[in-house]
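Student: File final_15.tsv follows (TSV, C-alpha atoms):
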```tsv
chain	number	residue	atom	x	y	z
A	11	MET	CA	98.05	55.85	113.64
A	12	ALA	CA	96.97	56.73	110.10
A	13	GLY	CA	95.19	59.89	110.96
A	14	SER	CA	96.44	63.35	111.59
A	15	GLU	CA	93.14	64.96	112.35
A	16	LYS	CA	92.94	68.38	113.93
A	17	ASN	CA	93.30	68.13	117.68
A	18	ASN	CA	92.35	70.46	120.44
A	19	VAL	CA	94.84	72.70	122.16
A	20	ASN	CA	95.37	71.79	125.79
A	21	VAL	CA	95.83	74.17	128.69
A	22	CYS	CA	97.09	72.43	131.83
A	23	ARG	CA	96.82	74.43	135.04
A	24	LYS	CA	96.41	71.90	137.85
A	25	PRO	CA	97.86	68.42	138.40
A	26	ARG	CA	96.12	65.86	136.21
A	27	LYS	CA	93.52	68.34	135.01
A	28	THR	CA	93.46	69.51	131.39
A	29	ILE	CA	91.10	72.00	129.81
A	30	SER	CA	90.65	71.48	126.06
A	31	LEU	CA	90.16	74.44	123.75
A	32	PRO	CA	89.55	74.13	120.01
A	33	PRO	CA	92.05	76.02	117.80
A	34	ASP	CA	89.61	78.84	117.01
A	35	LYS	CA	89.17	79.50	120.73
A	36	VAL	CA	92.93	79.80	121.18
A	37	ASN	CA	92.97	82.46	118.45
A	38	GLU	CA	90.10	84.22	120.18
A	39	LEU	CA	91.91	84.10	123.53
A	40	ALA	CA	95.07	85.51	121.94
A	41	ASN	CA	93.10	88.38	120.44
A	42	LYS	CA	91.34	89.12	123.72
A	43	LEU	CA	94.68	89.62	125.42
A	44	SER	CA	95.48	92.29	122.83
A	45	ASN	CA	92.10	94.02	122.56
A	46	THR	CA	88.51	93.39	123.48
A	47	PRO	CA	85.39	93.62	121.28
A	48	HIS	CA	82.75	95.90	122.69
A	49	ALA	CA	79.09	96.50	122.10
A	50	MET	CA	77.64	99.77	120.91
A	51	ASN	CA	74.01	99.95	121.98
A	52	THR	CA	72.72	96.41	121.27
A	53	ARG	CA	74.72	95.89	118.06
A	54	LYS	CA	78.16	94.14	118.27
A	55	GLN	CA	81.05	95.72	116.40
A	56	HIS	CA	84.34	94.13	115.42
A	57	ARG	CA	87.41	95.87	116.81
A	58	ALA	CA	90.71	95.54	115.07
A	59	SER	CA	93.15	93.11	116.67
A	60	LEU	CA	96.90	92.67	116.38
A	61	LYS	CA	96.16	89.68	114.19
A	62	ASP	CA	94.06	91.82	111.82
A	63	ILE	CA	96.84	94.37	111.46
A	64	ALA	CA	99.45	91.63	110.93
A	65	ALA	CA	97.32	89.99	108.24
A	66	ARG	CA	96.86	93.29	106.37
A	67	LEU	CA	100.61	93.99	106.40
A	68	GLY	CA	101.72	90.42	105.76
A	69	VAL	CA	103.88	90.28	108.89
A	70	SER	CA	103.72	88.36	112.16
A	71	ILE	CA	101.72	89.35	115.21
A	72	ALA	CA	105.02	89.60	117.08
A	73	THR	CA	106.29	92.23	114.61
A	74	VAL	CA	103.11	94.31	115.02
A	75	SER	CA	103.28	94.08	118.80
A	76	ARG	CA	106.90	95.21	118.90
A	77	ALA	CA	106.30	98.03	116.42
A	78	LEU	CA	103.48	99.42	118.56
A	79	ARG	CA	105.80	99.27	121.59
A	80	ASN	CA	108.53	101.18	119.68
A	81	SER	CA	110.93	98.26	119.98
A	82	PRO	CA	114.40	99.13	118.63
A	83	GLU	CA	114.39	95.76	116.86
A	84	ILE	CA	111.82	97.08	114.35
A	85	GLY	CA	112.83	99.48	111.60
A	86	GLN	CA	111.40	102.99	111.54
A	87	GLU	CA	109.58	102.44	108.26
A	88	MET	CA	107.80	99.34	109.57
A	89	LYS	CA	106.90	101.13	112.80
A	90	GLU	CA	105.29	103.93	110.82
A	91	ARG	CA	103.37	101.51	108.60
A	92	VAL	CA	102.06	99.57	111.60
A	93	LYS	CA	101.05	102.68	113.52
A	94	ALA	CA	99.38	104.24	110.48
A	95	LEU	CA	97.34	101.12	109.82
A	96	ALA	CA	96.51	100.73	113.51
A	97	LYS	CA	95.15	104.28	113.50
A	98	GLN	CA	93.26	103.70	110.27
A	99	MET	CA	91.68	100.52	111.67
A	100	ASN	CA	90.90	102.25	114.97
A	101	TYR	CA	92.98	99.77	116.93
A	102	ARG	CA	92.95	100.35	120.68
A	103	PRO	CA	94.85	98.26	123.25
A	104	ASN	CA	92.67	96.96	126.02
A	105	PRO	CA	93.85	98.21	129.46
A	106	PHE	CA	91.63	95.65	131.19
A	107	ALA	CA	93.22	92.77	129.32
A	108	GLN	CA	96.66	94.22	130.02
A	109	SER	CA	95.91	94.30	133.73
A	110	LEU	CA	94.70	90.70	133.59
A	111	ARG	CA	98.12	89.66	132.30
A	112	LEU	CA	99.65	90.72	135.59
A	113	GLU	CA	97.44	88.20	137.41
A	114	ALA	CA	97.56	85.48	134.76
A	115	PRO	CA	99.35	82.19	135.48
A	116	LYS	CA	102.90	81.83	134.23
A	117	MET	CA	102.60	79.92	130.98
A	118	ILE	CA	104.89	77.85	128.75
A	119	GLY	CA	103.89	77.22	125.13
A	120	VAL	CA	104.59	73.85	123.49
A	121	VAL	CA	104.12	73.10	119.78
A	122	VAL	CA	104.47	69.54	118.45
A	123	PRO	CA	103.88	67.97	115.02
A	124	ASN	CA	101.36	65.28	115.93
A	125	LEU	CA	99.73	64.92	119.33
A	126	VAL	CA	97.99	61.64	118.45
A	127	THR	CA	101.26	59.67	118.65
A	128	HIS	CA	102.46	58.18	121.91
A	129	TYR	CA	105.88	59.83	121.55
A	130	TYR	CA	104.63	63.42	121.56
A	131	ALA	CA	101.98	62.74	124.19
A	132	ALA	CA	104.66	61.29	126.48
A	133	VAL	CA	107.03	64.22	125.85
A	134	LEU	CA	104.21	66.63	126.71
A	135	ASP	CA	103.47	64.69	129.89
A	136	GLY	CA	107.10	65.15	130.97
A	137	ILE	CA	107.00	68.86	130.16
A	138	GLU	CA	103.80	69.34	132.15
A	139	GLU	CA	105.22	67.49	135.16
A	140	GLU	CA	108.35	69.64	135.30
A	141	ALA	CA	106.43	72.85	134.58
A	142	ARG	CA	103.92	72.15	137.37
A	143	ARG	CA	106.75	71.54	139.79
A	144	ALA	CA	108.08	75.03	138.99
A	145	GLY	CA	104.67	76.71	139.18
A	146	TYR	CA	104.03	77.06	135.45
A	147	SER	CA	101.02	76.14	133.33
A	148	VAL	CA	101.39	74.60	129.89
A	149	ILE	CA	99.45	75.44	126.75
A	150	SER	CA	100.06	73.07	123.84
A	151	ALA	CA	99.36	73.31	120.13
A	152	ASN	CA	99.44	70.73	117.35
A	153	SER	CA	101.10	71.85	114.11
A	154	HIS	CA	99.69	68.81	112.24
A	155	GLU	CA	103.08	68.67	110.44
A	156	SER	CA	102.20	72.05	108.84
A	157	VAL	CA	104.60	74.99	108.89
A	158	ALA	CA	101.64	77.41	108.62
A	159	ASP	CA	100.02	75.92	111.72
A	160	GLU	CA	103.38	75.99	113.47
A	161	GLN	CA	103.82	79.70	112.69
A	162	GLU	CA	100.28	80.45	113.86
A	163	ALA	CA	100.91	78.61	117.13
A	164	ILE	CA	104.06	80.66	117.74
A	165	ASP	CA	102.18	83.91	117.04
A	166	ASN	CA	99.43	82.87	119.45
A	167	PHE	CA	101.96	82.04	122.15
A	168	VAL	CA	103.49	85.51	121.74
A	169	SER	CA	100.07	87.12	122.03
A	170	LEU	CA	99.38	85.08	125.16
A	171	HIS	CA	102.65	86.37	126.64
A	172	VAL	CA	104.09	82.95	127.45
A	173	GLU	CA	107.31	82.92	129.48
A	174	GLY	CA	109.00	80.56	127.04
A	175	ILE	CA	108.40	78.09	124.20
A	176	ILE	CA	109.32	74.44	123.59
A	177	ALA	CA	109.07	73.27	119.97
A	178	CYS	CA	109.55	70.28	117.70
A	179	LEU	CA	109.68	71.21	114.01
A	180	SER	CA	106.97	70.19	111.57
A	181	GLN	CA	108.18	68.14	108.61
A	182	GLU	CA	107.41	71.09	106.33
A	183	THR	CA	109.61	73.58	108.18
A	184	THR	CA	112.65	74.75	106.24
A	185	ASP	CA	112.37	78.50	106.95
A	186	TYR	CA	113.18	79.31	110.57
A	187	SER	CA	112.41	83.03	110.53
A	188	HIS	CA	109.48	82.69	112.97
A	189	PHE	CA	111.87	81.18	115.50
A	190	GLU	CA	114.50	83.83	114.81
A	191	GLU	CA	111.88	86.48	115.67
A	192	ILE	CA	111.35	84.75	119.01
A	193	SER	CA	115.07	85.09	119.67
A	194	GLN	CA	114.99	88.79	118.78
A	195	MET	CA	112.10	89.32	121.20
A	196	GLY	CA	114.07	87.71	124.02
A	197	ILE	CA	111.57	84.87	124.53
A	198	PRO	CA	113.38	81.70	125.68
A	199	LEU	CA	113.06	78.82	123.22
A	200	VAL	CA	114.13	75.17	123.44
A	201	PHE	CA	113.85	72.53	120.70
A	202	PHE	CA	113.46	68.79	121.13
A	203	GLY	CA	113.53	65.87	118.69
A	204	ARG	CA	113.63	67.76	115.39
A	205	THR	CA	115.76	70.83	115.89
A	206	CYS	CA	117.29	73.83	114.11
A	207	LEU	CA	119.59	76.78	114.86
A	208	THR	CA	121.31	74.71	117.54
A	209	ASP	CA	124.09	77.28	117.87
A	210	ARG	CA	121.50	79.75	119.20
A	211	PHE	CA	118.89	77.63	120.99
A	212	SER	CA	119.17	74.83	123.53
A	213	SER	CA	118.06	71.43	122.29
A	214	VAL	CA	117.24	67.95	123.49
A	215	THR	CA	117.73	65.08	121.06
A	216	ALA	CA	118.22	61.32	121.08
A	217	ASN	CA	121.28	59.35	119.94
A	218	GLY	CA	119.44	58.32	116.79
A	219	ASP	CA	122.63	57.70	114.78
A	220	GLU	CA	124.05	55.27	117.33
A	221	ALA	CA	120.67	53.58	117.83
A	222	ALA	CA	120.12	53.14	114.09
A	223	GLN	CA	123.60	51.69	113.67
A	224	GLN	CA	122.99	49.26	116.53
A	225	ALA	CA	119.61	48.19	115.11
A	226	THR	CA	121.02	47.70	111.60
A	227	GLN	CA	123.91	45.67	113.03
A	228	HIS	CA	121.38	43.45	114.83
A	229	LEU	CA	119.55	42.84	111.56
A	230	ILE	CA	122.86	41.91	109.88
A	231	ASP	CA	123.92	39.64	112.75
A	232	THR	CA	120.64	37.73	112.54
A	233	GLY	CA	120.63	37.01	108.83
A	234	SER	CA	119.45	40.11	106.93
A	235	ARG	CA	121.49	41.56	104.06
A	236	ARG	CA	119.25	43.74	101.86
A	237	ILE	CA	118.14	46.20	104.50
A	238	ALA	CA	115.93	49.14	103.51
A	239	PHE	CA	115.60	52.42	105.37
A	240	LEU	CA	112.15	54.05	105.36
A	241	GLY	CA	112.69	57.64	106.43
A	242	GLY	CA	111.16	61.10	106.36
A	243	PRO	CA	112.22	64.36	104.66
A	244	ASN	CA	115.99	64.69	104.34
A	245	HIS	CA	116.03	68.27	105.64
A	246	LEU	CA	115.03	67.08	109.14
A	247	ASP	CA	118.07	66.60	111.35
A	248	MET	CA	116.38	63.64	113.06
A	249	VAL	CA	116.07	61.84	109.71
A	250	ARG	CA	119.69	62.59	108.80
A	251	ARG	CA	120.99	61.23	112.11
A	252	ARG	CA	119.09	57.96	111.85
A	253	LYS	CA	119.93	57.46	108.18
A	254	HIS	CA	123.62	58.11	108.94
A	255	GLY	CA	123.67	55.35	111.56
A	256	TYR	CA	122.00	52.90	109.16
A	257	LEU	CA	124.54	53.68	106.40
A	258	GLU	CA	127.50	53.41	108.78
A	259	ALA	CA	126.45	49.89	109.77
A	260	LEU	CA	126.28	48.85	106.11
A	261	ARG	CA	129.72	50.37	105.42
A	262	GLU	CA	131.33	48.70	108.43
A	263	ASN	CA	130.00	45.32	107.27
A	264	ARG	CA	131.03	45.98	103.65
A	265	ILE	CA	127.49	45.65	102.43
A	266	PRO	CA	126.95	47.64	99.20
A	267	ILE	CA	124.60	50.60	99.60
A	268	ASP	CA	121.64	50.33	97.24
A	269	ARG	CA	120.09	53.79	96.92
A	270	GLU	CA	116.80	52.22	95.85
A	271	LEU	CA	116.51	50.84	99.38
A	272	VAL	CA	116.88	54.30	100.96
A	273	VAL	CA	113.49	56.01	100.96
A	274	ALA	CA	113.01	59.63	102.00
A	275	GLY	CA	109.40	60.77	101.83
A	276	ARG	CA	106.68	62.47	103.81
A	277	ILE	CA	105.93	61.26	107.30
A	278	ASP	CA	102.52	59.91	106.39
A	279	TYR	CA	100.94	56.51	107.03
A	280	ASP	CA	99.46	56.00	103.56
A	281	GLU	CA	102.58	57.18	101.74
A	282	ALA	CA	104.81	54.96	103.88
A	283	LYS	CA	102.55	51.99	103.25
A	284	GLU	CA	102.65	52.58	99.48
A	285	ALA	CA	106.45	52.94	99.59
A	286	THR	CA	106.72	49.61	101.44
A	287	VAL	CA	104.54	47.88	98.85
A	288	ARG	CA	106.71	49.26	96.03
A	289	LEU	CA	109.89	48.05	97.72
A	290	LEU	CA	108.51	44.57	98.35
A	291	SER	CA	106.91	44.15	94.93
A	292	GLY	CA	110.20	44.33	93.06
A	293	SER	CA	112.22	41.38	91.84
A	294	ASN	CA	115.06	42.09	94.25
A	295	ARG	CA	113.13	43.08	97.33
A	296	PRO	CA	114.67	43.92	100.72
A	297	ASP	CA	114.79	41.25	103.39
A	298	ALA	CA	114.62	43.77	106.27
A	299	ILE	CA	113.35	47.28	106.95
A	300	LEU	CA	114.48	49.90	109.45
A	301	ALA	CA	111.62	52.39	109.87
A	302	PHE	CA	112.06	56.04	110.90
A	303	ASN	CA	109.20	56.47	113.40
A	304	ASP	CA	106.02	54.90	114.75
A	305	ILE	CA	103.76	56.04	111.88
A	306	ILE	CA	106.13	54.63	109.25
A	307	THR	CA	106.83	51.50	111.30
A	308	PHE	CA	103.18	50.47	111.57
A	309	ALA	CA	102.56	51.38	107.93
A	310	ALA	CA	105.37	49.02	106.92
A	311	PHE	CA	104.12	46.32	109.30
A	312	THR	CA	100.63	46.47	107.76
A	313	ALA	CA	101.96	46.44	104.18
A	314	ILE	CA	104.16	43.38	104.81
A	315	LYS	CA	101.22	41.46	106.25
A	316	GLN	CA	98.83	42.49	103.49
A	317	LEU	CA	101.30	41.19	100.89
A	318	GLY	CA	101.19	37.81	102.60
A	319	LEU	CA	104.86	37.91	103.61
A	320	ARG	CA	106.11	36.49	106.88
A	321	ILE	CA	107.75	38.63	109.57
A	322	PRO	CA	110.70	38.17	110.15
A	323	ASP	CA	111.35	35.16	107.86
A	324	ASP	CA	110.62	37.01	104.61
A	325	VAL	CA	111.04	40.57	105.84
A	326	ALA	CA	112.49	41.54	109.22
A	327	LEU	CA	111.39	44.83	110.76
A	328	ILE	CA	112.66	47.23	113.41
A	329	GLY	CA	111.06	50.61	113.99
A	330	PHE	CA	111.83	53.75	115.95
A	331	THR	CA	108.79	53.65	118.20
A	332	ASP	CA	107.87	53.57	121.86
A	333	ASP	CA	104.18	53.12	121.06
A	334	LEU	CA	102.62	50.68	123.50
A	335	HIS	CA	101.07	48.75	120.61
A	336	ALA	CA	104.53	47.53	119.58
A	337	GLN	CA	104.54	44.86	122.28
A	338	TYR	CA	100.96	43.72	121.60
A	339	VAL	CA	100.94	43.20	117.81
A	340	THR	CA	101.69	39.75	116.39
A	341	PRO	CA	104.55	39.17	115.99
A	342	ARG	CA	105.71	41.51	118.71
A	343	MET	CA	107.60	44.48	117.33
A	344	SER	CA	111.33	44.94	117.80
A	345	ALA	CA	111.77	48.64	118.47
A	346	ILE	CA	114.15	51.48	119.18
A	347	ALA	CA	112.40	53.24	122.03
A	348	ASP	CA	112.84	56.82	123.13
A	349	GLN	CA	112.80	57.88	126.74
A	350	SER	CA	110.20	60.37	125.60
A	351	ARG	CA	108.92	61.43	129.00
A	352	LEU	CA	112.48	62.08	130.18
A	353	MET	CA	113.04	64.09	126.98
A	354	GLY	CA	110.09	66.31	127.94
A	355	ILE	CA	111.34	66.77	131.48
A	356	THR	CA	114.83	67.65	130.20
A	357	ALA	CA	113.50	70.16	127.64
A	358	CYS	CA	111.45	71.90	130.32
A	359	GLU	CA	114.42	72.00	132.71
A	360	LEU	CA	116.50	73.76	130.05
A	361	LEU	CA	113.70	76.23	129.31
A	362	LEU	CA	113.31	77.07	132.98
A	363	LYS	CA	117.05	77.76	133.16
A	364	ASN	CA	116.74	80.15	130.21
A	365	ILE	CA	113.72	81.86	131.79
A	366	ALA	CA	115.73	82.32	134.99
A	367	GLY	CA	118.42	84.19	133.04
A	368	ASP	CA	120.85	81.42	132.08
A	369	ASP	CA	121.84	82.22	128.47
A	370	THR	CA	123.92	79.07	128.01
A	371	VAL	CA	123.05	77.09	124.86
A	372	TYR	CA	122.68	73.49	126.03
A	373	ARG	CA	122.71	70.38	123.86
A	374	LYS	CA	121.38	67.38	125.77
A	375	ILE	CA	121.18	63.83	124.45
A	376	VAL	CA	118.69	61.34	125.90
A	377	PRO	CA	119.76	57.78	124.93
A	378	GLN	CA	117.41	55.42	123.11
A	379	GLN	CA	117.03	51.72	123.84
A	380	LEU	CA	116.98	48.83	121.35
A	381	ILE	CA	114.30	46.33	122.41
A	382	ILE	CA	114.52	42.98	120.61
A	383	ARG	CA	111.21	41.13	120.32
A	384	ASP	CA	109.97	38.94	117.45
A	385	THR	CA	110.04	40.93	114.20
A	386	SER	CA	113.75	41.36	113.63
A	387	ALA	CA	115.79	38.16	114.00
A	388	LYS	CA	115.68	35.65	111.12
A	389	MET	CA	118.04	33.14	112.73
A	390	VAL	CA	117.80	33.89	116.44
A	391	LYS	CA	114.78	35.10	118.39
A	392	LYS	CA	115.25	36.80	121.74
A	393	GLU	CA	112.92	37.77	124.50
```
Render the structure in this file as structure tokens.
Tutor:
Amino acid sequence: MAGSEKNNVNVCRKPRKTISLPPDKVNELANKLSNTPHAMNTRKQHRASLKDIAARLGVSIATVSRALRNSPEIGQEMKERVKALAKQMNYRPNPFAQSLRLEAPKMIGVVVPNLVTHYYAAVLDGIEEEARRAGYSVISANSHESVADEQEAIDNFVSLHVEGIIACLSQETTDYSHFEEISQMGIPLVFFGRTCLTDRFSSVTANGDEAAQQATQHLIDTGSRRIAFLGGPNHLDMVRRRKHGYLEALRENRIPIDRELVVAGRIDYDEAKEATVRLLSGSNRPDAILAFNDIITFAAFTAIKQLGLRIPDDVALIGFTDDLHAQYVTPRMSAIADQSRLMGITACELLLKNIAGDDTVYRKIVPQQLIIRDTSAKMVKKE
């Protein structure tokens, strides 16, 4: 759970069969679909790619591609700059690669923040199931919670000529221009979980506000009063929804809101663990914690135990997590669980509608479920 190491990018073409490609191979594949290196005599030469041109101009691959196609969405000045540099760099489109696109499988691109978590793996499984049913292959990329990696994944998807894209924002993403370019290119795009530009793109989210309010009310009903919220960056809509539900429960029960108990930091195991230790080391520590996601939940769980405190007697804990480990740790974790696989299926259904020509902007909500186990109730324990 602590790690966020670089993962491979997965291309799924047949049921239950996944081919893994390292990130550098995905870049290579994207470039090959734009141009092909060739050999002169026995000595290899590098041929300019769309990515090379984009890097020199400081624009996206999508912008270069559209400029070379004389797209009306690109200004005349930019078109001239792109074409001049392409000529200078001796860029040549590859007719062979272009012909291969006509025979290539129909692909959907999916970018997620962290493939090592159960939530995103389950969402991807649902996407792949629905895509397979419709005759599409899925290529997935891990942004590693980095906006730069997210932007690179989107550029690669464009170069691979995917039919549509499903995305969940990285925690660093505050500039949405790379997604706005997708809209201008006419490539269907659907968000899930962490979303943006919901007036322009379809989205699938959970009822995190209602679930957080229900979980906080459970903590209050079973003896907790100083309840802390361990969240992520405030600019993420998912964080705002869950924090809103937590605060509403406190207001309805006339419990004063202590801002020191509301933590908004990076979604990172070590940082969440340190934040938990700080909260619990004070003279007026919280007696319960509501944690934003699985990474933060297990970080808090570990910190509480390492401090020698009892769960739930000293500190109760509920986390937003559907990780399978939640039911196997001791004590068993009370959790707010997503229907993550259903979320993936729903996101793919909406994307397929967009691909088929339906321009409706859909907003779907997949309900979460509060599962009471052993970590949350001070006075009453439920199965």
Student: Enter the distance from CA of Tyr130 (chain A) to CA of Cys178 (chain A), in Å, rounded to one decimal.
Tutor: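 It comes out at 9.3 Å.
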Student: Under the rule that all atoms listed in the file are counted, which of A:Phe239, A:Phe201, A:Tyr146, A:Tyr101 is the nearest residue to Asp62 (chain A)?
Tutor: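 That would be A:Tyr101, the residue with the smallest distance to Asp62 (chain A).
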Student: Given all atoms listed in the file as the basis, pick out the residue of A:Ile63, A:Glu138, A:Ile382, A:Asn303 nearest to Thr232 (chain A).
Tutor: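 Checking each candidate against Thr232 (chain A), we get A:Ile382 as the closest.
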Student: Any idea what's packed within 9 Å of region 86-95 of chain A, counting all atoms listed in the file, ignoring anything in its chain fewer than 3 positions away? Could you give it as a list in words?
Tutor: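 My reading of the contact set: Ile63, Ala64, Arg66, Leu67, Thr73, Val74, Arg76, Ala77, Leu78, Asn80, Ser81, Pro82, Gln98, Met99, Asn100 and Tyr101 of chain A.
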Student: Report the distance between CA of Val148 (chain A) and CA of Met117 (chain A) in Å, rounded to one decimal place.
Tutor: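 Spanning CA of Val148 (chain A) to CA of Met117 (chain A) is a straight-line distance of 5.6 Å.
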Student: Quick one: residues within 6 Å of Leu327 (chain A), all atoms listed in the file, excluding same-chain residues fewer than 6 positions away - as a compact mmCIF listing (two decimals) with C-alpha atoms, in the coordinates of the input?
Tutor:
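Result went into result.txt, see below:
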```txt
# COMPACT_ATOMS: atom_id res chain seq x y z
CA ALA A 298 114.62 43.77 106.27
CA ILE A 299 113.35 47.28 106.95
CA THR A 385 110.04 40.93 114.20
CA SER A 386 113.75 41.36 113.63
```
Student: Using all atoms listed in the file for the distances, tell me which of A:Thr340, A:Ser193, A:Gln227, A:Thr127 is nearest to Asn364 (chain A).
Tutor: A:Ser193
Student: Given only C-alpha atoms as the basis, pick out the residue of A:Ser350, A:Ser147, A:Ser212, A:Thr226 nearest to Glu173 (chain A).
Tutor: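 The shortest atom-to-atom distance to Glu173 (chain A) comes from A:Ser147.
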Student: What lies within 12 Å of Tyr279 (chain A) using all atoms listed in the file, ignoring chain neighbours under 5 positions off, as a ChimeraX atom specification?
Tutor: /A:11-14,240-242,284-286,301-313
Student: Find the residues around Leu334 (chain A) up to 12 Å (only C-alpha atoms counted), leave out those fewer than 2 positions away in its own chain, and share them as a PDB file with C-alpha atoms, in the coordinates of the input.
Tutor:
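Just written: part_9.pdb:
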```
ATOM      1  CA  THR A 127     101.260  59.670 118.650  1.00  0.00           C
ATOM      2  CA  HIS A 128     102.460  58.180 121.910  1.00  0.00           C
ATOM      3  CA  TYR A 129     105.880  59.830 121.550  1.00  0.00           C
ATOM      4  CA  ALA A 132     104.660  61.290 126.480  1.00  0.00           C
ATOM      5  CA  ASP A 304     106.020  54.900 114.750  1.00  0.00           C
ATOM      6  CA  PHE A 308     103.180  50.470 111.570  1.00  0.00           C
ATOM      7  CA  THR A 331     108.790  53.650 118.200  1.00  0.00           C
ATOM      8  CA  ASP A 332     107.870  53.570 121.860  1.00  0.00           C
ATOM      9  CA  ALA A 336     104.530  47.530 119.580  1.00  0.00           C
ATOM     10  CA  GLN A 337     104.540  44.860 122.280  1.00  0.00           C
ATOM     11  CA  TYR A 338     100.960  43.720 121.600  1.00  0.00           C
ATOM     12  CA  VAL A 339     100.940  43.200 117.810  1.00  0.00           C
ATOM     13  CA  ARG A 342     105.710  41.510 118.710  1.00  0.00           C
ATOM     14  CA  MET A 343     107.600  44.480 117.330  1.00  0.00           C
ATOM     15  CA  SER A 344     111.330  44.940 117.800  1.00  0.00           C
ATOM     16  CA  ALA A 345     111.770  48.640 118.470  1.00  0.00           C
ATOM     17  CA  ALA A 347     112.400  53.240 122.030  1.00  0.00           C
ATOM     18  CA  ASP A 348     112.840  56.820 123.130  1.00  0.00           C
TER      19      ASP A 348
END
```
Student: Can you measure CA of His245 (chain A) to CA of Cys206 (chain A) for me? One decimal in Å is fine.
Tutor: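 Distance between the two atoms: 10.2 Å.
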Student: Counting all atoms listed in the file, note down every residue that has an atom within 6 Å of the point (105.0, 80.3, 127.4) (file coordinates), as a list in words.
Tutor: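 The answer, in the requested form, is Met117, Ile118, Gly119, Val172, Glu173, Gly174 and Ile175 of chain A.
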Student: Would you pick out the contacts of Arg143 (chain A) at 12 Å or less, using all atoms listed in the file, so that residues sharing its chain but fewer than 2 positions from it are not included, and give the list as a PDB file with C-alpha atoms, in the coordinates of the input?
Tutor:
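Listing of part.pdb after writing:
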```
ATOM      1  CA  ARG A  23      96.820  74.430 135.040  1.00  0.00           C
ATOM      2  CA  LYS A  24      96.410  71.900 137.850  1.00  0.00           C
ATOM      3  CA  PRO A  25      97.860  68.420 138.400  1.00  0.00           C
ATOM      4  CA  GLY A 136     107.100  65.150 130.970  1.00  0.00           C
ATOM      5  CA  ILE A 137     107.000  68.860 130.160  1.00  0.00           C
ATOM      6  CA  GLU A 138     103.800  69.340 132.150  1.00  0.00           C
ATOM      7  CA  GLU A 139     105.220  67.490 135.160  1.00  0.00           C
ATOM      8  CA  GLU A 140     108.350  69.640 135.300  1.00  0.00           C
ATOM      9  CA  ALA A 141     106.430  72.850 134.580  1.00  0.00           C
ATOM     10  CA  GLY A 145     104.670  76.710 139.180  1.00  0.00           C
ATOM     11  CA  TYR A 146     104.030  77.060 135.450  1.00  0.00           C
ATOM     12  CA  SER A 147     101.020  76.140 133.330  1.00  0.00           C
ATOM     13  CA  VAL A 148     101.390  74.600 129.890  1.00  0.00           C
ATOM     14  CA  ILE A 355     111.340  66.770 131.480  1.00  0.00           C
ATOM     15  CA  CYS A 358     111.450  71.900 130.320  1.00  0.00           C
ATOM     16  CA  GLU A 359     114.420  72.000 132.710  1.00  0.00           C
ATOM     17  CA  LEU A 362     113.310  77.070 132.980  1.00  0.00           C
TER      18      LEU A 362
END
```
Student: Between A:Ser153, A:Met195, A:Glu160, A:Leu125, which residue has the minimum interatomic distance to Ala72 (chain A), considering only C-alpha atoms?
Tutor: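 Smallest distance to Ala72 (chain A) is found for A:Met195.
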Student: Measuring atom to atom with all atoms listed in the file, identify which of A:Arg235, A:Arg351, A:Lys253, A:Lys363 is nearest to Val376 (chain A).
Tutor: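 Using all atoms listed in the file, the shortest distance to Val376 (chain A) belongs to A:Arg351.
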Student: Quick one: region 65-91 of chain A from the block, C-alpha atoms, as a tab-separated table (two decimals), in the first residue's frame.
Tutor:
```tsv
chain	number	residue	atom	x	y	z
A	65	ALA	CA	8.93	18.83	-27.58
A	66	ARG	CA	10.82	21.42	-29.67
A	67	LEU	CA	7.76	23.70	-29.87
A	68	GLY	CA	6.58	23.14	-26.30
A	69	VAL	CA	3.12	21.97	-27.38
A	70	SER	CA	1.26	18.66	-27.23
A	71	ILE	CA	1.53	15.85	-29.74
A	72	ALA	CA	-2.18	16.37	-30.45
A	73	THR	CA	-1.54	19.99	-31.47
A	74	VAL	CA	1.26	18.95	-33.85
A	75	SER	CA	-0.88	16.21	-35.38
A	76	ARG	CA	-3.79	18.57	-36.00
A	77	ALA	CA	-1.55	21.30	-37.40
A	78	LEU	CA	-0.06	18.89	-39.94
A	79	ARG	CA	-3.60	17.87	-40.95
A	80	ASN	CA	-4.60	21.54	-41.42
A	81	SER	CA	-7.24	21.29	-38.71
A	82	PRO	CA	-9.32	24.49	-38.45
A	83	GLU	CA	-8.95	24.24	-34.68
A	84	ILE	CA	-5.28	25.28	-34.97
A	85	GLY	CA	-4.32	28.87	-35.69
A	86	GLN	CA	-2.51	29.75	-38.91
A	87	GLU	CA	0.62	30.89	-37.11
A	88	MET	CA	0.94	27.61	-35.21
A	89	LYS	CA	0.32	25.61	-38.38
A	90	GLU	CA	3.15	27.45	-40.11
A	91	ARG	CA	5.52	26.95	-37.18
```
